[in-house]
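S.K.: Compact mmCIF, C-alpha atoms and all ligand atoms, saved as run-v4.txt, coming up:
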# COMPACT_ATOMS: atom_id res chain seq x y z
CA MET A 63 114.42 102.98 81.62
CA LEU A 64 111.57 105.19 82.67
CA THR A 65 110.00 105.24 86.09
CA ARG A 66 107.65 107.52 87.95
CA LEU A 67 106.80 109.05 91.27
CA ALA A 68 103.03 108.77 91.73
CA PRO A 69 101.91 110.38 94.98
CA THR A 70 98.28 110.87 95.90
CA PRO A 71 97.59 114.45 97.03
CA SER A 72 95.07 113.50 99.71
CA GLY A 73 97.12 114.84 102.59
CA PHE A 74 100.67 115.51 103.66
CA LEU A 75 103.46 113.08 102.81
CA HIS A 76 105.12 110.81 105.36
CA MET A 77 108.63 109.39 105.72
CA GLY A 78 107.60 106.30 103.76
CA ASN A 79 106.53 108.43 100.81
CA ALA A 80 109.80 110.37 100.86
CA CYS A 81 111.82 107.14 100.99
CA ASN A 82 109.86 105.74 98.06
CA PHE A 83 110.58 108.92 96.07
CA LEU A 84 114.29 108.58 96.76
CA VAL A 85 114.48 104.86 95.99
CA THR A 86 112.46 105.23 92.78
CA TRP A 87 114.45 108.19 91.57
CA ALA A 88 117.85 106.69 92.45
CA TYR A 89 116.96 103.29 90.98
CA SER A 90 116.39 104.92 87.61
CA ARG A 91 119.18 107.51 87.74
CA ALA A 92 121.75 104.92 88.84
CA ARG A 93 120.95 103.05 85.63
CA GLY A 94 120.86 106.06 83.33
CA GLY A 95 117.06 106.19 83.33
CA ARG A 96 114.48 108.94 83.42
CA VAL A 97 111.92 109.87 86.07
CA LEU A 98 108.38 111.20 85.67
CA LEU A 99 106.14 112.83 88.21
CA ARG A 100 102.48 111.91 88.15
CA VAL A 101 100.14 113.36 90.72
CA ASP A 102 97.41 110.76 91.27
CA ASP A 103 94.51 113.20 91.24
CA ALA A 104 91.95 111.16 89.27
CA ASP A 105 89.44 111.47 92.09
CA PRO A 106 88.83 115.17 92.79
CA ASN A 107 87.31 114.24 96.15
CA MET A 108 90.72 112.98 97.24
CA VAL A 109 92.65 116.09 96.22
CA HIS A 110 93.81 118.34 99.01
CA PRO A 111 95.27 121.58 97.56
CA GLU A 112 97.93 121.72 100.25
CA GLY A 113 98.77 118.12 99.47
CA ILE A 114 99.82 119.12 95.96
CA ALA A 115 102.05 121.91 97.24
CA ASP A 116 103.53 119.46 99.76
CA ILE A 117 104.50 117.07 96.94
CA TYR A 118 106.47 119.75 95.07
CA ASP A 119 108.00 121.02 98.27
CA THR A 120 109.13 117.54 99.27
CA ILE A 121 110.65 116.80 95.88
CA THR A 122 112.60 120.03 95.99
CA TRP A 123 113.76 119.46 99.56
CA LEU A 124 114.94 115.94 98.76
CA GLY A 125 116.98 117.27 95.84
CA ILE A 126 115.27 115.07 93.30
CA ASP A 127 115.15 116.14 89.67
CA ILE A 128 112.21 115.18 87.48
CA ASP A 129 112.32 114.97 83.70
CA ARG A 130 108.65 115.57 83.06
CA GLN A 131 105.33 115.84 84.82
CA LEU A 132 102.30 114.10 83.39
CA PRO A 133 99.08 116.08 82.91
CA SER A 134 96.37 116.01 85.54
CA GLN A 135 94.50 112.72 85.54
CA GLN A 136 91.30 114.74 85.54
CA SER A 137 92.12 115.73 81.95
CA ARG A 138 92.37 112.06 80.95
CA TYR A 139 88.94 110.68 81.76
CA GLY A 140 88.27 110.09 78.04
CA ARG A 141 91.24 107.74 77.79
CA TYR A 142 90.37 105.98 81.03
CA TRP A 143 86.77 105.44 79.97
CA SER A 144 87.85 104.06 76.60
CA ALA A 145 89.93 101.46 78.48
CA ILE A 146 86.94 100.65 80.68
CA ASP A 147 84.83 100.33 77.52
CA GLU A 148 87.34 97.85 76.08
CA LEU A 149 86.90 95.72 79.16
CA THR A 150 83.12 96.11 79.00
CA VAL A 151 82.83 95.17 75.33
CA ALA A 152 84.83 92.02 76.03
CA ALA A 153 82.44 91.20 78.90
CA HIS A 154 85.07 91.51 81.59
CA VAL A 155 83.11 94.25 83.34
CA TYR A 156 79.91 93.94 85.32
CA ALA A 157 77.86 96.35 87.37
CA CYS A 158 77.76 96.17 91.16
CA ASP A 159 75.44 98.04 93.48
CA CYS A 160 76.78 96.67 96.77
CA THR A 161 77.35 99.14 99.57
CA ARG A 162 80.55 99.18 101.55
CA SER A 163 78.85 97.56 104.51
CA GLN A 164 77.33 94.81 102.35
CA ILE A 165 80.79 94.01 101.00
CA ARG A 166 82.22 93.88 104.53
CA ALA A 167 79.38 91.63 105.68
CA ALA A 168 79.92 89.21 102.79
CA SER A 169 83.69 89.08 103.20
CA PRO A 170 85.43 89.79 106.50
CA ASP A 171 88.78 90.53 104.80
CA GLY A 172 87.11 93.33 102.85
CA ARG A 173 87.88 91.71 99.51
CA TYR A 174 84.91 91.75 97.17
CA SER A 175 83.35 88.31 97.11
CA GLY A 176 81.70 88.57 93.69
CA THR A 177 78.13 89.05 94.84
CA CYS A 178 77.04 90.82 91.63
CA ARG A 179 79.12 88.80 89.16
CA ASP A 180 76.16 86.98 87.68
CA ARG A 181 73.31 89.36 88.48
CA GLY A 182 73.38 90.99 85.07
CA LEU A 183 72.81 94.54 86.32
CA ALA A 184 72.91 97.13 83.54
CA VAL A 185 76.38 98.68 83.32
CA ASP A 186 74.85 102.07 82.49
CA ALA A 187 72.39 102.10 85.37
CA PRO A 188 72.75 105.10 87.66
CA GLY A 189 74.65 104.57 90.89
CA VAL A 190 76.38 101.31 90.02
CA SER A 191 80.10 100.78 90.13
CA LEU A 192 81.83 98.77 87.44
CA ARG A 193 84.00 95.84 88.43
CA CYS A 194 86.43 93.86 86.33
CA ARG A 195 86.04 90.10 86.52
CA VAL A 196 89.51 88.77 87.31
CA ASP A 197 90.94 85.48 88.55
CA ASP A 198 89.56 84.22 91.84
CA GLY A 199 91.26 85.61 94.90
CA TYR A 200 91.77 89.14 93.64
CA GLY A 201 88.33 90.39 94.52
CA ASP A 202 87.14 91.85 91.18
CA PRO A 203 88.48 95.43 91.44
CA VAL A 204 86.36 98.50 90.75
CA VAL A 205 87.40 100.11 87.45
CA GLY A 206 84.66 102.76 87.32
CA GLY A 207 83.22 104.31 90.46
CA LYS A 208 79.59 104.92 91.35
CA ASN A 209 80.28 108.61 90.78
CA ARG A 210 81.53 107.84 87.24
CA ILE A 211 85.08 108.59 88.27
CA PRO A 212 87.59 106.16 86.75
CA ALA A 213 89.18 104.11 89.50
CA TYR A 214 92.79 104.31 90.62
CA HIS A 215 93.94 101.11 88.92
CA ILE A 216 92.62 102.15 85.51
CA ALA A 217 94.10 105.64 85.68
CA SER A 218 97.42 104.29 86.87
CA ILE A 219 97.71 101.58 84.22
CA CYS A 220 96.63 103.91 81.37
CA ASP A 221 99.15 106.55 82.43
CA ASP A 222 101.99 104.07 82.80
CA VAL A 223 101.27 102.54 79.41
CA ASP A 224 100.82 105.83 77.56
CA ALA A 225 103.92 107.42 79.07
CA GLY A 226 106.01 104.33 78.32
CA VAL A 227 106.91 103.64 81.95
CA THR A 228 109.21 100.60 82.04
CA HIS A 229 109.75 100.25 85.80
CA VAL A 230 107.29 100.76 88.64
CA ILE A 231 108.95 100.91 92.05
CA ARG A 232 106.65 100.73 95.02
CA GLY A 233 106.43 99.43 98.58
CA ASP A 234 105.68 95.84 99.53
CA ASP A 235 102.27 96.95 100.72
CA LEU A 236 101.25 97.40 97.08
CA ALA A 237 102.25 93.91 95.94
CA GLU A 238 98.63 92.84 95.72
CA ALA A 239 97.69 96.00 93.84
CA SER A 240 100.40 95.15 91.32
CA ALA A 241 98.96 91.68 90.80
CA VAL A 242 95.48 93.14 90.36
CA GLN A 243 96.77 95.64 87.81
CA MET A 244 98.36 92.84 85.77
CA GLN A 245 95.02 91.01 85.88
CA ILE A 246 93.19 94.06 84.51
CA ALA A 247 95.84 94.99 81.95
CA ARG A 248 95.94 91.65 80.20
CA ARG A 249 92.19 91.87 79.56
CA ALA A 250 92.28 95.13 77.58
CA PRO A 251 94.26 95.35 74.32
CA SER A 252 95.30 98.97 74.86
CA LEU A 253 96.66 98.11 78.33
CA ALA A 254 98.29 94.78 77.53
CA SER A 255 101.81 96.22 77.25
CA PHE A 256 101.63 97.00 80.98
CA CYS A 257 102.21 93.28 81.56
CA ALA A 258 105.80 93.76 80.39
CA THR A 259 106.46 96.45 83.02
CA SER A 260 109.04 95.53 85.64
CA ILE A 261 107.43 96.01 89.02
CA ILE A 262 109.86 96.21 91.90
CA HIS A 263 108.58 96.12 95.47
CA HIS A 264 110.84 97.50 98.13
CA PRO A 265 110.49 96.73 101.85
CA LEU A 266 108.55 99.15 103.97
CA LEU A 267 110.42 101.55 106.17
CA LEU A 268 111.97 100.16 109.33
CA GLY A 269 113.52 101.91 112.28
CA GLN A 270 117.29 102.08 112.78
CA ASN A 271 117.52 98.75 114.61
CA GLY A 272 115.53 96.91 112.01
CA GLN A 273 112.39 97.27 114.04
CA LYS A 274 109.14 98.51 112.65
CA LEU A 275 109.04 102.25 112.53
CA SER A 276 107.33 103.64 115.57
CA LYS A 277 103.73 104.64 115.14
CA SER A 278 104.52 108.20 116.06
CA VAL A 279 107.07 108.53 113.26
CA GLN A 280 104.88 106.61 110.83
CA SER A 281 101.88 108.79 111.40
CA THR A 282 103.77 112.06 111.58
CA THR A 283 103.96 114.10 108.43
CA LEU A 284 107.31 114.80 106.83
CA ARG A 285 106.76 118.52 107.12
CA SER A 286 106.26 118.36 110.85
CA LEU A 287 109.32 116.10 111.24
CA ARG A 288 111.26 118.65 109.20
CA SER A 289 110.10 121.47 111.41
CA GLU A 290 111.47 119.45 114.33
CA GLY A 291 114.86 119.25 112.64
CA LEU A 292 114.74 116.12 110.49
CA SER A 293 117.60 116.34 107.99
CA ARG A 294 117.60 115.26 104.39
CA ALA A 295 120.59 113.04 105.15
CA ALA A 296 118.51 111.13 107.69
CA VAL A 297 115.79 110.51 105.12
CA VAL A 298 118.38 109.41 102.56
CA GLU A 299 119.91 107.02 105.11
CA ALA A 300 116.49 105.52 105.76
CA ALA A 301 115.86 105.15 102.02
CA ILE A 302 119.18 103.32 101.55
CA THR A 303 117.97 100.58 103.88
CA LEU A 304 115.12 99.89 101.42
CA ALA A 305 117.19 99.96 98.25
CA ASP A 306 119.15 97.36 96.30
CA PRO A 307 122.96 97.82 96.46
CA GLN A 308 123.35 99.77 93.20
CA THR A 309 120.52 102.13 94.08
CA GLY A 310 121.75 102.47 97.65
CA GLN A 311 125.25 103.33 96.51
CA TYR A 312 123.88 106.03 94.23
CA LEU A 313 121.92 107.48 97.13
CA ALA A 314 124.95 107.28 99.44
CA GLU A 315 127.02 109.27 96.98
CA ARG A 316 124.24 111.83 96.91
CA ILE A 317 124.44 112.26 100.66
CA SER A 318 128.06 113.36 100.47
CA THR A 319 127.54 115.59 97.45
CA ARG A 320 124.17 117.12 98.17
CA THR A 321 123.87 117.69 101.87
ZN ZN B 401 78.14 93.88 94.18
Step by step, read the file and then write its structure as structure tokens.

M.R.:
Amino acid sequence: MLTRLAPTPSGFLHMGNACNFLVTWAYSRARGGRVLLRVDDADPNMVHPEGIADIYDTITWLGIDIDRQLPSQQSRYGRYWSAIDELTVAAHVYACDCTRSQIRAASPDGRYSGTCRDRGLAVDAPGVSLRCRVDDGYGDPVVGGKNRIPAYHIASICDDVDAGVTHVIRGDDLAEASAVQMQIARRAPSLASFCATSIIHHPLLLGQNGQKLSKSVQSTTLRSLRSEGLSRAAVVEAAITLADPQTGQYLAERISTRT
């Protein structure tokens, strides 16, 4: 079993991120598995230098051990573009020049409605984004950005496949992203093995009485909660509420031995 932590360094981490780290790590360790760290830095515009330091700091504070860190996604554009090319050669990719506001106007839920599907725009034209034609309802995700930066889904799938990740453990809020990734992966030969990945969605963080976490806690960074006295044990307790019994028991044992 191999799983990964995959934070995006666009800002400071929150309680939900810390709980996901703990659940992911414990899920794998409780079953004798390994854990990778992958910093999702494919888009340099989304990288906040302090965000990267915050990731390492949080991992250390939580007492999580990592077997290996994957290289920066910015060193992997060649691989990502070859996956995009596979999709393009097989005619799954088309060019789209819609602006954000055009997409919103065409589809109130923000999901891409397929405006450019049959327009036949050149995929190498400047300023177009590349979308993958997937089953209806998934909104044809962007695989290559207007700025020629490979999109999140492509980078994530390529890295998971190439590292041999067997289990992806993420929050319920990413259930649709998981479905979209399966849609993309089965259309590119070098990504097809991703379809065998076990994807486990855990509930999102709730407050102690089973109520939704208060906005103030949700929007407060972990580091500021820590500076106000948040203990690791409290974060571990919160993570246990999101975990399956075996994972939760592993985490509970960690509380007594590591705090
Ligand atoms: Zn379009």

S.K.: Pick from A:Ser255, A:Ser169, A:Gln245, A:Thr283: nearest to ligand ZN 401 (chain B), with only C-alpha atoms and all ligand atoms counted?

M.R.: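 When distances to ligand ZN 401 (chain B) are compared using only C-alpha atoms and all ligand atoms, the smallest one comes from A:Ser169.
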
S.K.: Name the residues, by chain letter and number, that sit within 7 Å of ligand ZN 401 (chain B) using all atoms listed in the file, and give them as a list in words.

M.R.: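 Within the 7 Å cut-off, the matching residues are Cys158, Asp159, Cys160, Gly176, Thr177 and Cys178 of chain A.
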
S.K.: Taking only residues of region 94-130 of chain A that have an atom at most 12 Å from an atom of region 203-210 of chain A, what is each one's shortest atom pair and its distance in Å to one decimal, using all atoms listed in the file, in chain and number order, as CSV?

M.R.:
residue,atom,partner,partner_atom,distance
A:Ala104,CA,A:Arg210,CA,11.1
A:Asp105,CA,A:Gly207,CA,9.6
A:Pro106,CA,A:Asn209,CA,11.0
A:Asn107,CA,A:Asn209,CA,10.5

S.K.: Given the point (118.6, 115.0, 99.0) in the file's coordinates, find the residues that have an atom at most 9 Å from it, counting only C-alpha atoms, and give them as a ChimeraX atom specification.

M.R.: /A:84,121-126,294-295,297-298,313,316-317,320-321

S.K.: Save the residues we just selected, C-alpha atoms, as an mmCIF file, keeping the file's coordinate frame?

M.R.:
data_model
loop_
_atom_site.group_PDB
_atom_site.id
_atom_site.type_symbol
_atom_site.label_atom_id
_atom_site.label_comp_id
_atom_site.auth_asym_id
_atom_site.auth_seq_id
_atom_site.Cartn_x
_atom_site.Cartn_y
_atom_site.Cartn_z
ATOM 1 C CA LEU A 84 114.290 108.580 96.760
ATOM 2 C CA ILE A 121 110.650 116.800 95.880
ATOM 3 C CA THR A 122 112.600 120.030 95.990
ATOM 4 C CA TRP A 123 113.760 119.460 99.560
ATOM 5 C CA LEU A 124 114.940 115.940 98.760
ATOM 6 C CA GLY A 125 116.980 117.270 95.840
ATOM 7 C CA ILE A 126 115.270 115.070 93.300
ATOM 8 C CA ARG A 294 117.600 115.260 104.390
ATOM 9 C CA ALA A 295 120.590 113.040 105.150
ATOM 10 C CA VAL A 297 115.790 110.510 105.120
ATOM 11 C CA VAL A 298 118.380 109.410 102.560
ATOM 12 C CA LEU A 313 121.920 107.480 97.130
ATOM 13 C CA ARG A 316 124.240 111.830 96.910
ATOM 14 C CA ILE A 317 124.440 112.260 100.660
ATOM 15 C CA ARG A 320 124.170 117.120 98.170
ATOM 16 C CA THR A 321 123.870 117.690 101.870
#

S.K.: If you measure from CA of Val196 (chain A) to CA of Arg249 (chain A), what distance in Å do you get, rounded to one decimal?

M.R.: 8.8 Å

S.K.: For a test of reading the model, state the distance in Å between CA of Ile302 (chain A) and CA of Thr282 (chain A), rounded to one decimal.

M.R.: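 Computing the Euclidean distance for CA of Ile302 (chain A) and CA of Thr282 (chain A) yields 20.4 Å.
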
S.K.: Rank nothing, just name the residue among A:Ser218, A:Gln308, A:Gln243, A:Thr86 nearest to Tyr142 (chain A), using all atoms listed in the file.

M.R.: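 Of all the options, A:Ser218 lies closest to Tyr142 (chain A).
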
S.K.: Just the number, please: distance in Å from CA of Leu67 (chain A) to CA of Phe83 (chain A), one decimal.

M.R.: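 Interatomic distance here is 6.1 Å.
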
S.K.: Using only C-alpha atoms, determine which residues lie at most 10 Å from region 234-239 of chain A, disregarding the query and same-chain residues fewer than 6 positions distant; provide the list as a PyMOL selection string.

M.R.: chain A and resi 200+203+215+245+261-267

S.K.: Here is a test: counting all atoms listed in the file, which residue of A:Glu299, A:Asp197, A:Asp202, A:Asp103 is nearest to Ala157 (chain A)?

M.R.: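 Of the candidates, the smallest distance to Ala157 (chain A) is held by A:Asp202.
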
S.K.: Given all atoms listed in the file as the basis, pick out the residue of A:Pro111, A:Pro251, A:Gly172, A:Pro307 nearest to Ser72 (chain A).

M.R.: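 Closest to Ser72 (chain A), using all atoms listed in the file: A:Pro111.
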
S.K.: Check the smallest atom-to-atom distance from each of A:Gly78, A:Pro133, A:Pro212, A:Gly182 to Thr303 (chain A) using all atoms listed in the file, then report the winner.

M.R.: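 Among the listed residues, A:Gly78 lies closest to Thr303 (chain A).
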
S.K.: Select, from A:Arg66, A:His154, A:Arg173, A:His76, the residue with the minimum atom-to-atom distance to Val101 (chain A), counting only C-alpha atoms.

M.R.: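 Nearest candidate to Val101 (chain A) out of A:Arg66, A:His154, A:Arg173, A:His76: A:Arg66.
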